[in-house]
file coords.json (JSON, C-alpha atoms)
[["chain", "number", "residue", "atom", "x", "y", "z"],
["H", 116, "MET", "CA", 108.21, 81.07, 104.87],
["H", 117, "LYS", "CA", 109.75, 78.59, 102.50],
["H", 118, "GLN", "CA", 106.43, 76.90, 101.76],
["H", 119, "GLN", "CA", 104.68, 80.24, 101.42],
["H", 120, "LEU", "CA", 107.25, 81.48, 98.90],
["H", 121, "SER", "CA", 107.28, 78.34, 96.75],
["H", 122, "LYS", "CA", 103.47, 78.31, 96.68],
["H", 123, "LEU", "CA", 103.31, 81.95, 95.57],
["H", 124, "ILE", "CA", 105.99, 81.37, 92.92],
["H", 125, "GLU", "CA", 103.93, 78.48, 91.60],
["H", 126, "GLN", "CA", 100.79, 80.64, 91.56],
["H", 127, "ALA", "CA", 102.69, 83.26, 89.58],
["H", 128, "GLY", "CA", 103.56, 80.60, 87.00],
["H", 129, "MET", "CA", 107.27, 81.02, 87.61],
["H", 130, "ASP", "CA", 109.98, 78.39, 87.91],
["H", 131, "ILE", "CA", 112.71, 79.38, 90.36],
["H", 132, "PRO", "CA", 115.38, 76.86, 91.46],
["H", 133, "ALA", "CA", 115.53, 75.88, 95.14],
["H", 134, "HIS", "CA", 118.88, 77.56, 95.84],
["H", 135, "GLN", "CA", 117.55, 80.88, 94.50],
["H", 136, "GLN", "CA", 114.43, 80.51, 96.66],
["H", 137, "ASP", "CA", 116.76, 79.96, 99.64],
["H", 138, "GLN", "CA", 118.57, 83.21, 98.78],
["H", 139, "LEU", "CA", 115.25, 85.08, 98.57],
["H", 140, "ILE", "CA", 114.31, 83.76, 102.03],
["H", 141, "GLY", "CA", 117.77, 84.71, 103.31],
["H", 142, "TYR", "CA", 117.21, 88.24, 102.03],
["H", 143, "VAL", "CA", 113.85, 88.50, 103.86],
["H", 144, "GLU", "CA", 115.45, 87.19, 107.06],
["H", 145, "MET", "CA", 118.21, 89.80, 106.85],
["H", 146, "LEU", "CA", 115.74, 92.56, 106.03],
["H", 147, "HIS", "CA", 113.62, 91.60, 109.03],
["H", 148, "LYS", "CA", 116.67, 91.50, 111.31],
["H", 149, "TRP", "CA", 118.21, 94.79, 110.16],
["H", 150, "ASN", "CA", 114.84, 96.53, 110.02],
["H", 151, "LYS", "CA", 114.62, 96.60, 113.81],
["H", 152, "ALA", "CA", 117.67, 98.86, 114.06],
["H", 153, "TYR", "CA", 117.77, 100.59, 110.68],
["H", 154, "ASN", "CA", 114.08, 101.05, 109.81],
["H", 155, "LEU", "CA", 114.57, 100.00, 106.18],
["H", 156, "THR", "CA", 110.93, 99.23, 105.36],
["H", 157, "SER", "CA", 107.53, 99.93, 106.89],
["H", 158, "VAL", "CA", 106.61, 96.27, 106.34],
["H", 159, "ARG", "CA", 107.39, 94.50, 109.64],
["H", 160, "ASP", "CA", 106.09, 90.97, 109.11],
["H", 161, "PRO", "CA", 108.38, 88.63, 107.11],
["H", 162, "LYS", "CA", 105.34, 86.86, 105.60],
["H", 163, "GLU", "CA", 104.12, 90.20, 104.29],
["H", 164, "MET", "CA", 107.61, 91.00, 103.02],
["H", 165, "ILE", "CA", 107.43, 87.88, 100.86],
["H", 166, "ILE", "CA", 104.34, 89.20, 99.11],
["H", 167, "LYS", "CA", 104.93, 92.96, 99.13],
["H", 168, "HIS", "CA", 108.69, 92.91, 98.50],
["H", 169, "ILE", "CA", 109.76, 89.60, 96.96],
["H", 170, "MET", "CA", 106.77, 88.70, 94.77],
["H", 171, "ASP", "CA", 106.09, 92.33, 93.85],
["H", 172, "SER", "CA", 109.70, 92.57, 92.61],
["H", 173, "ILE", "CA", 110.18, 89.25, 90.80],
["H", 174, "VAL", "CA", 107.00, 89.40, 88.68],
["H", 175, "VAL", "CA", 108.83, 92.07, 86.66],
["H", 176, "SER", "CA", 111.52, 89.56, 85.65],
["H", 177, "GLN", "CA", 109.88, 88.35, 82.42],
["H", 178, "HIS", "CA", 109.89, 91.93, 81.09],
["H", 179, "LEU", "CA", 113.63, 92.55, 81.56],
["H", 180, "GLU", "CA", 115.24, 92.94, 78.14],
["H", 181, "GLY", "CA", 119.00, 93.24, 77.99],
["H", 182, "SER", "CA", 121.75, 92.39, 80.46],
["H", 183, "THR", "CA", 122.54, 95.54, 82.47],
["H", 184, "PHE", "CA", 120.12, 97.26, 84.84],
["H", 185, "ILE", "CA", 120.16, 100.03, 87.40],
["H", 186, "ASP", "CA", 117.65, 100.20, 90.24],
["H", 187, "VAL", "CA", 117.29, 103.87, 91.14],
["H", 188, "GLY", "CA", 116.26, 104.81, 94.69],
["H", 189, "THR", "CA", 116.56, 101.13, 95.55],
["H", 190, "GLY", "CA", 115.95, 101.59, 99.29],
["H", 191, "PRO", "CA", 116.88, 98.29, 100.94],
["H", 192, "GLY", "CA", 117.39, 96.72, 97.48],
["H", 193, "LEU", "CA", 113.94, 96.58, 95.93],
["H", 194, "PRO", "CA", 113.30, 95.41, 93.29],
["H", 195, "GLY", "CA", 117.02, 95.01, 92.54],
["H", 196, "VAL", "CA", 118.10, 92.30, 94.99],
["H", 197, "PRO", "CA", 115.25, 89.83, 94.29],
["H", 198, "LEU", "CA", 115.63, 90.38, 90.52],
["H", 199, "ALA", "CA", 119.42, 89.87, 90.73],
["H", 200, "ILE", "CA", 118.95, 86.62, 92.65],
["H", 201, "ILE", "CA", 116.68, 85.09, 90.01],
["H", 202, "ASN", "CA", 118.63, 86.54, 87.05],
["H", 203, "PRO", "CA", 122.26, 85.57, 87.78],
["H", 204, "ASP", "CA", 123.13, 86.14, 84.10],
["H", 205, "LYS", "CA", 122.24, 89.85, 84.27],
["H", 206, "SER", "CA", 124.06, 92.60, 86.20],
["H", 207, "PHE", "CA", 122.37, 95.07, 88.53],
["H", 208, "THR", "CA", 123.59, 98.38, 89.93],
["H", 209, "LEU", "CA", 121.63, 99.41, 93.03],
["H", 210, "LEU", "CA", 121.68, 103.14, 93.69],
["H", 211, "ASP", "CA", 120.58, 104.98, 96.82],
["H", 212, "SER", "CA", 121.69, 108.15, 98.57],
["H", 213, "LEU", "CA", 121.34, 106.78, 102.13],
["H", 214, "GLY", "CA", 124.42, 105.09, 103.59],
["H", 215, "LYS", "CA", 122.53, 102.71, 105.89],
["H", 216, "ARG", "CA", 120.61, 101.23, 102.94],
["H", 217, "ILE", "CA", 123.76, 100.71, 100.88],
["H", 218, "ARG", "CA", 125.57, 99.16, 103.88],
["H", 219, "PHE", "CA", 122.66, 96.74, 104.26],
["H", 220, "ILE", "CA", 122.72, 95.80, 100.56],
["H", 221, "ARG", "CA", 126.49, 95.21, 100.65],
["H", 222, "GLN", "CA", 126.05, 92.93, 103.65],
["H", 223, "VAL", "CA", 123.27, 91.02, 101.85],
["H", 224, "VAL", "CA", 125.43, 90.60, 98.75],
["H", 225, "HIS", "CA", 128.32, 89.37, 100.90],
["H", 226, "GLU", "CA", 126.35, 86.95, 103.10],
["H", 227, "LEU", "CA", 124.14, 85.51, 100.36],
["H", 228, "LYS", "CA", 127.01, 85.34, 97.84],
["H", 229, "ILE", "CA", 125.25, 87.38, 95.16],
["H", 230, "ASP", "CA", 127.90, 88.27, 92.60],
["H", 231, "ASN", "CA", 125.90, 90.29, 90.04],
["H", 232, "VAL", "CA", 125.06, 93.30, 92.23],
["H", 233, "THR", "CA", 127.00, 96.56, 92.64],
["H", 234, "ALA", "CA", 125.73, 98.85, 95.41],
["H", 235, "VAL", "CA", 126.40, 102.57, 94.93],
["H", 236, "GLN", "CA", 125.75, 105.36, 97.39],
["H", 237, "SER", "CA", 124.97, 108.47, 95.38],
["H", 238, "ARG", "CA", 122.22, 110.85, 94.42],
["H", 239, "VAL", "CA", 120.92, 109.86, 91.02],
["H", 240, "GLU", "CA", 121.83, 113.19, 89.39],
["H", 241, "ASP", "CA", 125.43, 112.87, 90.62],
["H", 242, "PHE", "CA", 125.97, 109.32, 89.38],
["H", 243, "GLN", "CA", 127.73, 109.23, 86.02],
["H", 244, "PRO", "CA", 128.15, 105.71, 84.66],
["H", 245, "GLU", "CA", 130.80, 105.04, 82.03],
["H", 246, "VAL", "CA", 128.28, 103.06, 79.97],
["H", 247, "GLY", "CA", 124.50, 103.39, 79.84],
["H", 248, "PHE", "CA", 122.14, 100.66, 81.06],
["H", 249, "ASP", "CA", 119.70, 98.49, 79.13],
["H", 250, "GLY", "CA", 117.05, 99.15, 81.75],
["H", 251, "VAL", "CA", 116.52, 101.85, 84.40],
["H", 252, "LEU", "CA", 114.23, 100.42, 87.09],
["H", 253, "SER", "CA", 112.34, 102.14, 89.85],
["H", 254, "ARG", "CA", 109.46, 101.36, 92.14],
["H", 255, "ALA", "CA", 109.86, 104.37, 94.40],
["H", 256, "PHE", "CA", 109.77, 107.47, 92.21],
["H", 257, "ALA", "CA", 106.94, 109.91, 92.86],
["H", 258, "SER", "CA", 106.20, 110.45, 89.18],
["H", 259, "MET", "CA", 107.34, 109.09, 85.84],
["H", 260, "SER", "CA", 108.30, 112.56, 84.60],
["H", 261, "ASP", "CA", 110.60, 112.98, 87.64],
["H", 262, "MET", "CA", 112.10, 109.58, 86.93],
["H", 263, "VAL", "CA", 112.78, 110.41, 83.28],
["H", 264, "ASN", "CA", 114.12, 113.89, 84.06],
["H", 265, "TRP", "CA", 116.44, 112.81, 86.89],
["H", 266, "CYS", "CA", 117.60, 109.60, 85.21],
["H", 267, "HIS", "CA", 117.83, 110.87, 81.62],
["H", 268, "HIS", "CA", 121.59, 110.18, 81.52],
["H", 269, "LEU", "CA", 121.36, 106.55, 82.65],
["H", 270, "PRO", "CA", 119.88, 104.45, 79.79],
["H", 271, "ALA", "CA", 122.03, 103.24, 76.90],
["H", 272, "GLU", "CA", 121.03, 104.38, 73.41],
["H", 273, "HIS", "CA", 118.32, 101.74, 73.09],
["H", 274, "GLY", "CA", 117.71, 101.44, 76.82],
["H", 275, "HIS", "CA", 114.35, 101.75, 78.55],
["H", 276, "PHE", "CA", 112.89, 103.16, 81.72],
["H", 277, "LEU", "CA", 110.91, 100.59, 83.71],
["H", 278, "ALA", "CA", 108.56, 102.16, 86.24],
["H", 279, "LEU", "CA", 106.72, 99.94, 88.72],
["H", 280, "LYS", "CA", 103.36, 101.47, 89.47],
["H", 281, "GLY", "CA", 100.05, 100.70, 91.12],
["H", 282, "GLN", "CA", 97.36, 102.14, 88.91],
["H", 283, "VAL", "CA", 98.46, 103.86, 85.72],
["H", 284, "ASP", "CA", 97.67, 107.54, 85.89],
["H", 285, "GLN", "CA", 96.93, 109.14, 82.50],
["H", 286, "VAL", "CA", 97.78, 112.58, 83.93],
["H", 287, "GLU", "CA", 101.27, 111.29, 84.77],
["H", 288, "ILE", "CA", 101.67, 110.00, 81.22],
["H", 289, "ASP", "CA", 100.51, 113.35, 79.80],
["H", 290, "GLU", "CA", 103.14, 115.15, 81.90],
["H", 291, "LEU", "CA", 106.05, 113.20, 80.40],
["H", 292, "PRO", "CA", 108.63, 115.23, 78.46],
["H", 293, "SER", "CA", 107.89, 115.47, 74.74],
["H", 294, "ASP", "CA", 110.95, 113.38, 73.81],
["H", 295, "CYS", "CA", 109.77, 110.44, 75.93],
["H", 296, "SER", "CA", 107.01, 107.99, 75.10],
["H", 297, "VAL", "CA", 105.30, 105.00, 76.69],
["H", 298, "THR", "CA", 106.20, 101.90, 74.69],
["H", 299, "GLY", "CA", 104.31, 99.40, 76.84],
["H", 300, "ILE", "CA", 102.07, 99.03, 79.88],
["H", 301, "LYS", "CA", 102.20, 95.54, 81.38],
["H", 302, "PRO", "CA", 99.64, 94.53, 83.99],
["H", 303, "LEU", "CA", 101.38, 92.52, 86.73],
["H", 304, "THR", "CA", 99.71, 89.83, 88.77],
["H", 305, "VAL", "CA", 101.21, 89.52, 92.24],
["H", 306, "PRO", "CA", 99.78, 86.49, 94.08],
["H", 307, "GLY", "CA", 98.50, 87.47, 97.51],
["H", 308, "LEU", "CA", 98.58, 91.21, 96.81],
["H", 309, "GLU", "CA", 95.41, 93.24, 96.56],
["H", 310, "GLY", "CA", 95.19, 96.22, 94.24],
["H", 311, "GLN", "CA", 96.56, 96.85, 90.77],
["H", 312, "ARG", "CA", 100.21, 96.63, 89.75],
["H", 313, "HIS", "CA", 101.64, 97.72, 86.41],
["H", 314, "LEU", "CA", 105.00, 98.00, 84.74],
["H", 315, "VAL", "CA", 105.22, 101.07, 82.51],
["H", 316, "ILE", "CA", 107.97, 100.89, 79.89],
["H", 317, "LEU", "CA", 109.26, 104.21, 78.56],
["H", 318, "ALA", "CA", 111.77, 105.16, 75.90],
["H", 319, "ARG", "CA", 113.30, 108.45, 74.80]]
call {"tool": "encode", "arguments": {"input": "coords.json", "output": "structure tokens"}}
result
Amino acid sequence: MKQQLSKLIEQAGMDIPAHQQDQLIGYVEMLHKWNKAYNLTSVRDPKEMIIKHIMDSIVVSQHLEGSTFIDVGTGPGLPGVPLAIINPDKSFTLLDSLGKRIRFIRQVVHELKIDNVTAVQSRVEDFQPEVGFDGVLSRAFASMSDMVNWCHHLPAEHGHFLALKGQVDQVEIDELPSDCSVTGIKPLTVPGLEGQRHLVILAR
């Protein structure tokens, strides 16, 4: 797995220190182990997890502007945990309504000594942060209009919504609320992954 990961990171043109790569592998190992009992992801093979979970998450890193981020509907910590590992100078709040997912993330944070992650069990509409976030991330929302409507209270004044998507659907963009606009669409190249990936950046 180690060789596979470092090769893919190289192919992506990224430079990630060895100790962070070790943490990423540790995360995959824990996800694989816990998955048997907790059913956290439909991806069963750790080698596939490296492509579909780790690489698919970390390619977003270059587009993160600011220092505080919330990953909404994080599931088992995606993309939040991989992004937190390779961005130790930024802080990440990982939000999910399911207790088993949050318990898993807390264990990951504890075992891998990740100190820039806060795991919160809550429905997104019930979570009221004291301060808004620079970026609101999600790779699991059904539609961008749902994301913007349910998470409208989360970005700081100049914060952005960052939606990880496969293909960009113009119908979805047309359905966005009138006070929200697309400020950027970034094609993402994920080594080893077939199909299109995009990051859609939105602002109110």
call {"tool": "atom_distance", "arguments": {"input": "coords.json", "atom1": "atom CA of Ile166 of chain H", "atom2": "atom CA of Ile316 of chain H"}}
result
22.8 Å
call {"tool": "atom_distance", "arguments": {"input": "coords.json", "atom1": "atom CA of Asp294 of chain H", "atom2": "atom CA of Trp265 of chain H"}}
result
14.2 Å
call {"tool": "residues_around", "arguments": {"input": "coords.json", "residues": "segment 180-189 of chain H", "least_positions_apart": "4", "cutoff": "6 Å", "atoms": "all atoms listed in the file", "output": "list of chain:residue names"}}
result
H:Leu193, H:Gly195, H:Lys205, H:Ser206, H:Phe207, H:Thr208, H:Leu209, H:Leu210, H:Asp211, H:Phe248, H:Asp249, H:Gly250, H:Val251, H:Leu252, H:Ser253
call {"tool": "closest_residue", "arguments": {"input": "coords.json", "among": "H:Arg254, H:Lys148, H:His225, H:Arg319", "to": "His273 of chain H", "atoms": "all atoms listed in the file"}}
result
H:Arg319
call {"tool": "closest_residue", "arguments": {"input": "coords.json", "among": "H:Ile124, H:Ala271, H:Ala278, H:Val224", "to": "Val174 of chain H", "atoms": "all atoms listed in the file"}}
result
H:Ile124
call {"tool": "atom_distance", "arguments": {"input": "coords.json", "atom1": "atom CA of Gln282 of chain H", "atom2": "atom CA of Glu309 of chain H"}}
result
11.9 Å
call {"tool": "residues_around", "arguments": {"input": "coords.json", "residues": "Gly192 of chain H", "least_positions_apart": "6", "cutoff": "12 Å", "atoms": "only C-alpha atoms", "output": "PyMOL selection string"}}
result
chain H and resi 139+142-143+145-146+155-156+168-169+172+185-186+198-200+207-211+213+215-224+232-235+252-255
call {"tool": "closest_residue", "arguments": {"input": "coords.json", "among": "H:Leu279, H:Met129, H:Leu123, H:Val286", "to": "Pro302 of chain H", "atoms": "only C-alpha atoms"}}
result
H:Leu279
